[in-house]
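Colleague: Submitted below is the structure of interest, expressed as structure tokens.
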Amino acid sequence: MKILVAYASAHGSTAEVAEFIGRVLTTYSAEVDVADTKTVTNVDGYDAFVLGSAVHSGVWLQEMLLFFDRFAEQIAQKPNYFWVSCIRALEADGLLHAEMYYFNHRLLQSVNTRDIAVLTGKLKTEEITRGEQWSLAANYDGRMLPGALHQDFRDWQAIATWANQIAKELKLTPVFETEADVTAV
Ligand SMILES: Cc1cc2nc3c(=O)[nH]c(=O)nc-3n(C[C@H](O)[C@H](O)[C@H](O)COP(=O)(O)O)c2cc1C
């Protein structure tokens, strides 16, 4: 099975999440490509899609919407999964809030998305531009000050759990080193 893990990331942390999901899936009988949505020109030949975007001001990054504009028809024909990386999920009601408001549910229903995941992201204020700091302060829809949510909150075990669930859903089987590989070590 050939799987595309495609991401939209402004500062690289969602890209690393995508790499990690890809790495988990390659422990199964799957050929996996991990790619920035901006660079994908063709999705022919993929049997499944795992897609994810960082959330800025309550919405996906624009390049993910553009990706759907281009490929929704092909995505809809294959099993597909979608995650968002955000910080709002760290707040008391955050998971529910993110599930309700940070997904374009109409779009995801139109492509029959099988599962969604809210993953906690990474925010380092010193790594974002002054303009982004203003935008975040003005538009963040949580109760806490976004400056207080200033860390790498990515939960690699939770990410691995989700990737493993996808593998189970797709009925992938694990690959093991061949005897020849083992004796070669
Ligand atoms: C300008 C800006 C706006 C953001 N807006 C939100 C938001 O509305 N809700 C939220 O939960 N997280 C928000 N975040 C946090 C990001 O979703 C989080 O840091 C994510 O992990 C960033 O992923 P990236 O490194 O791939 O860009 C914002 C971050 C930035 C820089």
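Residue numbering restarts at 1 in every chain; chains get A, B, ... in the order shown in the structure tokens, and ligands count up from 1 in that same order.
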Could you pull out the residues sitting within 9 Å of ligand 1, using only C-alpha atoms and all ligand atoms, and write them as a count of residues only?
Modeller: 58
Colleague: Give me the residues near A:Asp115 as a ChimeraX atom specification, where near means some atom within 8 Å (using only C-alpha atoms) and where sequence neighbours in that chain fewer than 4 positions away do not count.
Modeller: /A:80-82
Colleague: Pick from A:Phe20, A:Trp156, A:Phe49, A:Trp83: nearest to A:Ile116, with only C-alpha atoms counted?
Modeller: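 Closest to A:Ile116 of all the choices is A:Trp83.
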Colleague: Using only C-alpha atoms, which of the listed residues (A:Ala160, A:Leu4, A:Leu51, A:Met64) sits closest to A:Val34?
Modeller: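 Closest residue, counting only C-alpha atoms: A:Leu4.
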Colleague: As number ranges by chain, please: every residue in stretch 73-115 of chain A that a backbone DSSP assignment puts in strand (DSSP E).
Modeller: A: 80-86, 115
